[in-house]
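Data block for structure_7.cif (mmCIF, C-alpha atoms):
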data_entry
loop_
_atom_site.label_atom_id
_atom_site.label_comp_id
_atom_site.auth_asym_id
_atom_site.auth_seq_id
_atom_site.Cartn_x
_atom_site.Cartn_y
_atom_site.Cartn_z
CA MET A 20 -13.51 -80.83 -52.90
CA ASN A 21 -12.08 -79.11 -55.98
CA ILE A 22 -13.00 -81.09 -59.11
CA ASN A 23 -10.63 -79.12 -61.35
CA HIS A 24 -7.73 -79.80 -58.99
CA HIS A 25 -8.20 -83.58 -59.21
CA LEU A 26 -8.74 -83.59 -62.96
CA ASN A 27 -5.80 -81.33 -63.76
CA ASN A 28 -3.49 -83.57 -61.72
CA ASP A 29 -4.52 -86.69 -63.65
CA PRO A 30 -2.10 -87.56 -66.52
CA TRP A 31 -4.85 -88.78 -68.87
CA PHE A 32 -6.95 -85.65 -68.42
CA ALA A 33 -3.93 -83.32 -68.54
CA ASP A 34 -3.01 -84.77 -71.95
CA LEU A 35 -6.33 -83.70 -73.48
CA PRO A 36 -6.54 -80.49 -75.56
CA THR A 37 -7.28 -77.46 -73.39
CA ASP A 38 -10.72 -76.84 -74.94
CA VAL A 39 -11.71 -80.46 -74.32
CA GLN A 40 -10.58 -80.24 -70.70
CA ALA A 41 -12.69 -77.13 -70.18
CA LEU A 42 -15.87 -78.69 -71.59
CA LEU A 43 -15.54 -81.92 -69.63
CA ALA A 44 -14.57 -80.23 -66.36
CA TYR A 45 -17.43 -77.72 -66.57
CA ASN A 46 -20.00 -80.54 -66.71
CA ALA A 47 -18.31 -82.88 -64.22
CA VAL A 48 -20.08 -83.70 -60.97
CA LEU A 49 -18.91 -85.22 -57.71
CA LYS A 50 -20.56 -88.43 -56.49
CA VAL A 51 -20.03 -90.22 -53.19
CA TYR A 52 -20.90 -93.89 -52.61
CA GLN A 53 -20.85 -95.70 -49.29
CA LYS A 54 -19.25 -99.08 -48.60
CA SER A 55 -20.86 -102.09 -50.38
CA GLN A 56 -22.98 -99.87 -52.65
CA MET A 57 -23.62 -100.72 -56.29
CA ILE A 58 -22.48 -98.12 -58.79
CA HIS A 59 -23.96 -99.89 -61.80
CA ALA A 60 -25.18 -103.36 -62.75
CA ILE A 61 -24.49 -105.48 -65.80
CA GLY A 62 -27.03 -104.59 -68.46
CA ASP A 63 -27.60 -101.02 -67.22
CA ASN A 64 -27.87 -98.45 -69.98
CA ASP A 65 -29.27 -95.46 -68.13
CA ASP A 66 -27.27 -92.62 -66.62
CA ALA A 67 -24.08 -93.75 -68.37
CA ALA A 68 -21.06 -91.63 -67.57
CA LEU A 69 -17.29 -91.50 -67.70
CA HIS A 70 -16.03 -91.88 -64.14
CA PHE A 71 -12.78 -90.92 -62.44
CA VAL A 72 -11.98 -92.51 -59.07
CA VAL A 73 -10.90 -89.81 -56.63
CA SER A 74 -10.70 -92.10 -53.61
CA GLY A 75 -11.74 -95.57 -52.50
CA THR A 76 -11.78 -98.93 -54.27
CA ILE A 77 -14.32 -100.48 -56.64
CA ARG A 78 -14.80 -104.16 -57.34
CA VAL A 79 -15.66 -104.98 -60.98
CA CYS A 80 -17.27 -108.41 -61.13
CA ASN A 81 -19.49 -110.77 -63.03
CA VAL A 82 -21.76 -113.67 -62.10
CA SER A 83 -21.78 -116.79 -64.24
CA THR A 84 -24.93 -118.68 -65.27
CA SER A 85 -24.17 -121.13 -62.45
CA GLY A 86 -24.31 -118.29 -59.93
CA ASN A 87 -20.58 -118.10 -59.21
CA ALA A 88 -19.19 -114.61 -58.76
CA MET A 89 -15.82 -113.65 -60.15
CA THR A 90 -13.86 -110.49 -59.51
CA LEU A 91 -12.33 -109.19 -62.73
CA ALA A 92 -10.59 -106.07 -61.47
CA HIS A 93 -10.24 -103.55 -58.69
CA LEU A 94 -10.37 -99.87 -59.60
CA SER A 95 -8.66 -97.42 -57.28
CA SER A 96 -7.74 -93.77 -57.01
CA GLY A 97 -6.58 -92.26 -60.31
CA GLU A 98 -8.38 -94.72 -62.60
CA TRP A 99 -11.05 -94.00 -65.23
CA PHE A 100 -13.90 -96.34 -66.18
CA GLY A 101 -17.19 -96.35 -68.05
CA GLU A 102 -15.69 -95.50 -71.45
CA ILE A 103 -16.85 -98.73 -73.14
CA SER A 104 -20.57 -98.01 -72.84
CA ILE A 105 -19.93 -94.44 -73.98
CA ILE A 106 -18.05 -95.50 -77.11
CA ASP A 107 -20.38 -98.28 -78.28
CA ASP A 108 -23.64 -97.09 -76.63
CA ASN A 109 -24.33 -100.58 -75.31
CA PRO A 110 -25.27 -101.68 -71.78
CA ARG A 111 -22.74 -102.09 -68.98
CA THR A 112 -20.64 -105.23 -69.30
CA HIS A 113 -20.14 -105.89 -65.55
CA ASP A 114 -21.32 -105.05 -62.07
CA ALA A 115 -19.42 -102.40 -60.12
CA TRP A 116 -19.55 -102.38 -56.30
CA THR A 117 -17.74 -100.25 -53.76
CA ILE A 118 -15.41 -102.02 -51.35
CA ASN A 119 -15.19 -98.96 -49.12
CA LYS A 120 -16.36 -95.36 -49.31
CA VAL A 121 -15.78 -94.14 -52.86
CA THR A 122 -15.70 -90.65 -54.32
CA LEU A 123 -16.08 -90.29 -58.09
CA ILE A 124 -15.94 -87.46 -60.58
CA SER A 125 -18.56 -88.27 -63.22
CA ILE A 126 -18.99 -86.74 -66.67
CA PRO A 127 -22.35 -87.55 -68.32
CA ARG A 128 -22.23 -89.61 -71.50
CA LYS A 129 -24.13 -86.93 -73.43
CA VAL A 130 -21.44 -84.38 -72.60
CA VAL A 131 -18.60 -86.74 -73.55
CA ILE A 132 -20.24 -87.60 -76.90
CA GLN A 133 -21.00 -83.97 -77.74
CA THR A 134 -17.42 -83.00 -76.91
CA ALA A 135 -16.03 -85.87 -79.00
CA GLN A 136 -18.17 -84.84 -81.96
CA GLN A 137 -16.71 -81.36 -81.73
CA TYR A 138 -13.18 -82.60 -80.98
CA PRO A 139 -12.77 -86.12 -82.47
CA ILE A 140 -9.33 -86.49 -80.86
CA LEU A 141 -11.21 -87.29 -77.66
CA TYR A 142 -12.20 -90.67 -79.14
CA LYS A 143 -8.51 -91.60 -79.35
CA HIS A 144 -7.98 -90.68 -75.71
CA LEU A 145 -11.02 -92.75 -74.67
CA ALA A 146 -9.63 -95.66 -76.68
CA LEU A 147 -6.34 -95.37 -74.79
CA ILE A 148 -8.19 -96.11 -71.52
CA THR A 149 -9.65 -99.25 -73.10
CA CYS A 150 -6.28 -100.27 -74.57
CA ALA A 151 -4.65 -100.13 -71.14
CA ARG A 152 -7.49 -102.28 -69.76
CA ILE A 153 -7.11 -104.82 -72.59
CA ARG A 154 -3.36 -105.09 -71.98
CA ARG A 155 -4.02 -105.88 -68.30
CA ALA A 156 -6.61 -108.45 -69.36
CA PHE A 157 -4.06 -110.14 -71.64
CA ASP A 158 -1.58 -110.27 -68.76
CA TRP A 159 -4.27 -111.92 -66.63
CA ILE A 160 -5.05 -114.44 -69.39
CA ASP A 161 -1.35 -115.24 -69.78
CA ASP A 162 -1.08 -115.95 -66.06
CA ALA A 163 -4.27 -118.02 -66.04
CA THR A 164 -3.07 -120.25 -68.87
CA SER A 165 0.60 -120.62 -67.94
CA LEU A 166 0.80 -120.53 -64.13
CA ASN A 167 -0.56 -122.75 -61.38
CA THR A 168 -2.81 -121.29 -58.68
CA SER A 169 0.04 -120.56 -56.23
CA ALA A 170 2.00 -118.70 -58.90
CA ARG A 171 -1.08 -116.74 -59.97
CA LEU A 172 -1.80 -115.73 -56.38
CA ALA A 173 1.81 -114.65 -55.94
CA SER A 174 1.63 -112.64 -59.16
CA MET A 175 -1.59 -110.95 -58.09
CA LEU A 176 -0.22 -109.98 -54.66
CA ILE A 177 2.96 -108.56 -56.18
CA GLY A 178 0.80 -106.58 -58.60
CA LEU A 179 -1.26 -105.13 -55.76
CA ILE A 180 1.85 -103.78 -54.07
CA GLY A 181 2.17 -100.99 -56.63
CA THR A 182 -1.27 -99.57 -55.83
CA TYR A 183 -1.93 -100.61 -52.24
CA GLY A 184 1.49 -101.45 -50.75
CA LYS A 185 2.56 -99.64 -47.59
CA GLN A 186 5.83 -100.11 -45.73
CA VAL A 187 5.20 -101.40 -42.19
CA ASN A 188 8.20 -102.34 -40.03
CA GLY A 189 10.22 -103.53 -43.00
CA ASP A 190 7.35 -105.51 -44.52
CA ILE A 191 4.79 -104.45 -47.13
CA LYS A 192 1.13 -104.34 -46.13
CA ILE A 193 -1.46 -104.45 -48.91
CA ASP A 194 -3.89 -101.81 -47.73
CA LEU A 195 -6.95 -103.48 -49.20
CA ARG A 196 -9.14 -105.87 -47.25
CA LEU A 197 -9.35 -109.14 -49.20
CA SER A 198 -11.08 -112.21 -47.80
CA GLN A 199 -10.01 -115.67 -48.92
CA GLU A 200 -13.33 -115.94 -50.73
CA GLU A 201 -12.60 -112.69 -52.58
CA LEU A 202 -9.14 -113.94 -53.53
CA GLY A 203 -10.80 -117.08 -54.87
CA PHE A 204 -13.20 -114.96 -56.94
CA MET A 205 -10.27 -113.02 -58.40
CA LEU A 206 -8.43 -116.18 -59.43
CA GLY A 207 -11.42 -118.26 -60.44
CA THR A 208 -10.85 -120.87 -57.76
CA THR A 209 -12.31 -121.89 -54.40
CA ARG A 210 -11.85 -120.40 -50.95
CA GLN A 211 -10.59 -123.78 -49.76
CA THR A 212 -7.77 -123.77 -52.33
CA ILE A 213 -6.76 -120.23 -51.34
CA ASN A 214 -6.87 -121.19 -47.67
CA LYS A 215 -4.40 -124.05 -48.18
CA ILE A 216 -1.96 -121.78 -50.01
CA ILE A 217 -2.26 -118.97 -47.46
CA GLN A 218 -1.71 -121.34 -44.53
CA SER A 219 1.38 -122.80 -46.20
CA TRP A 220 2.81 -119.36 -46.94
CA GLN A 221 2.16 -118.18 -43.40
CA LYS A 222 4.04 -121.18 -41.99
CA GLN A 223 6.96 -120.38 -44.28
CA GLU A 224 6.70 -116.70 -43.26
CA PHE A 225 6.24 -115.51 -46.84
CA ILE A 226 3.13 -113.55 -45.88
CA ASP A 227 0.85 -112.84 -42.96
CA MET A 228 -2.93 -112.46 -43.21
CA HIS A 229 -4.86 -110.76 -40.43
CA TYR A 230 -8.50 -109.60 -40.61
CA GLY A 231 -8.38 -109.74 -44.41
CA PHE A 232 -5.23 -107.64 -44.73
CA ILE A 233 -2.17 -109.31 -46.25
CA THR A 234 1.37 -108.36 -45.30
CA ILE A 235 4.17 -109.42 -47.64
CA LYS A 236 7.10 -110.60 -45.52
CA ASN A 237 9.24 -112.25 -48.21
CA GLN A 238 8.69 -110.58 -51.57
CA SER A 239 11.60 -112.40 -53.23
CA GLU A 240 10.03 -115.83 -52.56
CA LEU A 241 6.73 -114.72 -54.07
CA ARG A 242 8.49 -113.34 -57.13
CA ALA A 243 10.35 -116.63 -57.54
CA MET A 244 7.01 -118.46 -57.68
CA MET A 245 5.94 -116.26 -60.59
CA ASN A 246 8.79 -117.61 -62.72
CA PRO A 247 8.84 -121.38 -62.23
CA GLU A 248 11.63 -123.19 -64.05
#
Spit out the file's structure as structure tokens when you get a sec.
Amino acid sequence: MNINHHLNNDPWFADLPTDVQALLAYNAVLKVYQKSQMIHAIGDNDDAALHFVVSGTIRVCNVSTSGNAMTLAHLSSGEWFGEISIIDDNPRTHDAWTINKVTLISIPRKVVIQTAQQYPILYKHLALITCARIRRAFDWIDDATSLNTSARLASMLIGLIGTYGKQVNGDIKIDLRLSQEELGFMLGTTRQTINKIIQSWQKQEFIDMHYGFITIKNQSELRAMMNPE
């Protein structure tokens, strides 16, 4: 697998100054993780790196003091992560687990910091990754405070279409296995609540769920739920 090929085709990396690209690419390494493998745990501070997802999907999650897990985000092909611990030199803020086989391009923290000290513009580009993440977090907070659970689930499924949607016989299949428990984690609710919504939507033929894969059959109805009058 050609590391330079993947990096040069990434918009964020391509926007870096040429000298910065060369230094980061020269020290980048390829890492492969198997399904259900931890990439890093909350509190980790060793072996910090800036990661680029070449393929696969990563679940970013947290566990509350009561022991309840909550999925905060899914990272997929073309996304960068790990910049926060590089910028502030503090431990990891969340756990990161693979959902399937994942291939990463990793650039050691030491290399990123040394490059940024030589070319301070790199700090701005790292901050842009964080800014995009914060904007998504604000969108999530807006949904959580203004929408009911059905509307939030509809909003999340519509959002997943852009990254994981595949046309199948006129419908859109979300090519990411998501159990009802996982959907509950993502929305901060219970599996039982998700189950009731899913069953209702299946009866109305809005969606279909089979072996953890969701197929959107009526996208317009889901979008209507996102904008209740």
Computed gap from CA of Ala68 (chain A) to CA of Val130 (chain A) is 8.8 Å
Near-Leu202 (chain A) list (12 Å; only C-alpha atoms; drop same-chain fewer than 4 positions) as an NGL selection string: :A and (78 or 88-93 or 168-169 or 171-173 or 175-176 or 195-198 or 206-214 or 216-217 or 231-233)
Restricting it to C-alpha atoms, dump the selection as a tab-separated table (two decimals), in the frame of the given file.
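And here's selection_13.tsv as it stands now:
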chain	number	residue	atom	x	y	z
A	78	ARG	CA	-14.80	-104.16	-57.34
A	88	ALA	CA	-19.19	-114.61	-58.76
A	89	MET	CA	-15.82	-113.65	-60.15
A	90	THR	CA	-13.86	-110.49	-59.51
A	91	LEU	CA	-12.33	-109.19	-62.73
A	92	ALA	CA	-10.59	-106.07	-61.47
A	93	HIS	CA	-10.24	-103.55	-58.69
A	168	THR	CA	-2.81	-121.29	-58.68
A	169	SER	CA	0.04	-120.56	-56.23
A	171	ARG	CA	-1.08	-116.74	-59.97
A	172	LEU	CA	-1.80	-115.73	-56.38
A	173	ALA	CA	1.81	-114.65	-55.94
A	175	MET	CA	-1.59	-110.95	-58.09
A	176	LEU	CA	-0.22	-109.98	-54.66
A	195	LEU	CA	-6.95	-103.48	-49.20
A	196	ARG	CA	-9.14	-105.87	-47.25
A	197	LEU	CA	-9.35	-109.14	-49.20
A	198	SER	CA	-11.08	-112.21	-47.80
A	206	LEU	CA	-8.43	-116.18	-59.43
A	207	GLY	CA	-11.42	-118.26	-60.44
A	208	THR	CA	-10.85	-120.87	-57.76
A	209	THR	CA	-12.31	-121.89	-54.40
A	210	ARG	CA	-11.85	-120.40	-50.95
A	211	GLN	CA	-10.59	-123.78	-49.76
A	212	THR	CA	-7.77	-123.77	-52.33
A	213	ILE	CA	-6.76	-120.23	-51.34
A	214	ASN	CA	-6.87	-121.19	-47.67
A	216	ILE	CA	-1.96	-121.78	-50.01
A	217	ILE	CA	-2.26	-118.97	-47.46
A	231	GLY	CA	-8.38	-109.74	-44.41
A	232	PHE	CA	-5.23	-107.64	-44.73
A	233	ILE	CA	-2.17	-109.31	-46.25
Take the PyMOL selection byres ((chain A and resi 124-126) around 7), run it mentally on this structure, and tell me the resulting residues as a ChimeraX atom specification. /A:43,46-50,68-73,123,127-128,130-131
Selection dump of the PyMOL selection byres ((chain A and resi 115) around 6), as a list in words: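 This file, filtered by the PyMOL selection byres ((chain A and resi 115) around 6), leaves Met57, Ile58, His59, Arg78, Val79, Asp114 and Trp116 of chain A.
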List the residues selected by the PyMOL selection byres ((chain A and resi 190) around 9) in the file shown, writing them as number ranges by chain. A: 185-189, 191-192, 234-238
Straight-line distance linking CA of Thr112 (chain A) with CA of Tyr183 (chain A), stated in Å to one decimal: 25.7 Å
Counting only C-alpha atoms, figure out which residue out of A:Tyr52, A:Trp220, A:Phe204, A:Glu102 gets nearest to Ile148 (chain A).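 Among the listed residues, the smallest separation from Ile148 (chain A) belongs to A:Glu102.
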Please indicate the distance in Å from CA of Ser95 (chain A) to CA of Gly203 (chain A), rounded to one decimal place.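 About the pair CA of Ser95 (chain A) and CA of Gly203 (chain A): they are 19.9 Å apart.
Proximity of A:Leu35, A:Ala163, A:Val121, A:Ile193 to Gln56 (chain A), computed with all atoms listed in the file, is greatest for A:Val121.
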Using all atoms listed in the file, pick whichever of A:Pro36, A:Pro139, A:Gly181, A:Gly97 has the shortest atom-to-atom distance to Thr76 (chain A).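 So, comparing all the options, the nearest one is A:Gly97.
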List the spatial neighbours of Tyr138 (chain A) as a VMD selection string - criterion: any atom at most 9 Å away, all atoms listed in the file, same-chain residues fewer than 5 positions off excluded. chain A and resid 36 38 to 39 133
Export of prior selection with C-alpha atoms as a PDB file, in the coordinates of the input:
ATOM      1  CA  PRO A  36      -6.540 -80.490 -75.560  1.00  0.00           C
ATOM      2  CA  ASP A  38     -10.720 -76.840 -74.940  1.00  0.00           C
ATOM      3  CA  VAL A  39     -11.710 -80.460 -74.320  1.00  0.00           C
ATOM      4  CA  GLN A 133     -21.000 -83.970 -77.740  1.00  0.00           C
TER       5      GLN A 133
END
From the list A:Glu201, A:Glu98, A:Glu240, A:Asp107, which residue is nearest Cys80 (chain A) when using all atoms listed in the file?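 Among A:Glu201, A:Glu98, A:Glu240, A:Asp107, it is A:Glu201 that comes nearest to Cys80 (chain A).
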Between A:Ser74, A:Gln218, A:Ser174, A:Thr164, which is the closest to Ile118 (chain A) once you count all atoms listed in the file?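 Closest candidate: A:Ser74.
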Pick the closest to Gln136 (chain A) from A:Ala33, A:Leu179, A:Val51, A:Ile106: which is it, counting only C-alpha atoms?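 For Gln136 (chain A), the nearest of the given residues is A:Ile106.
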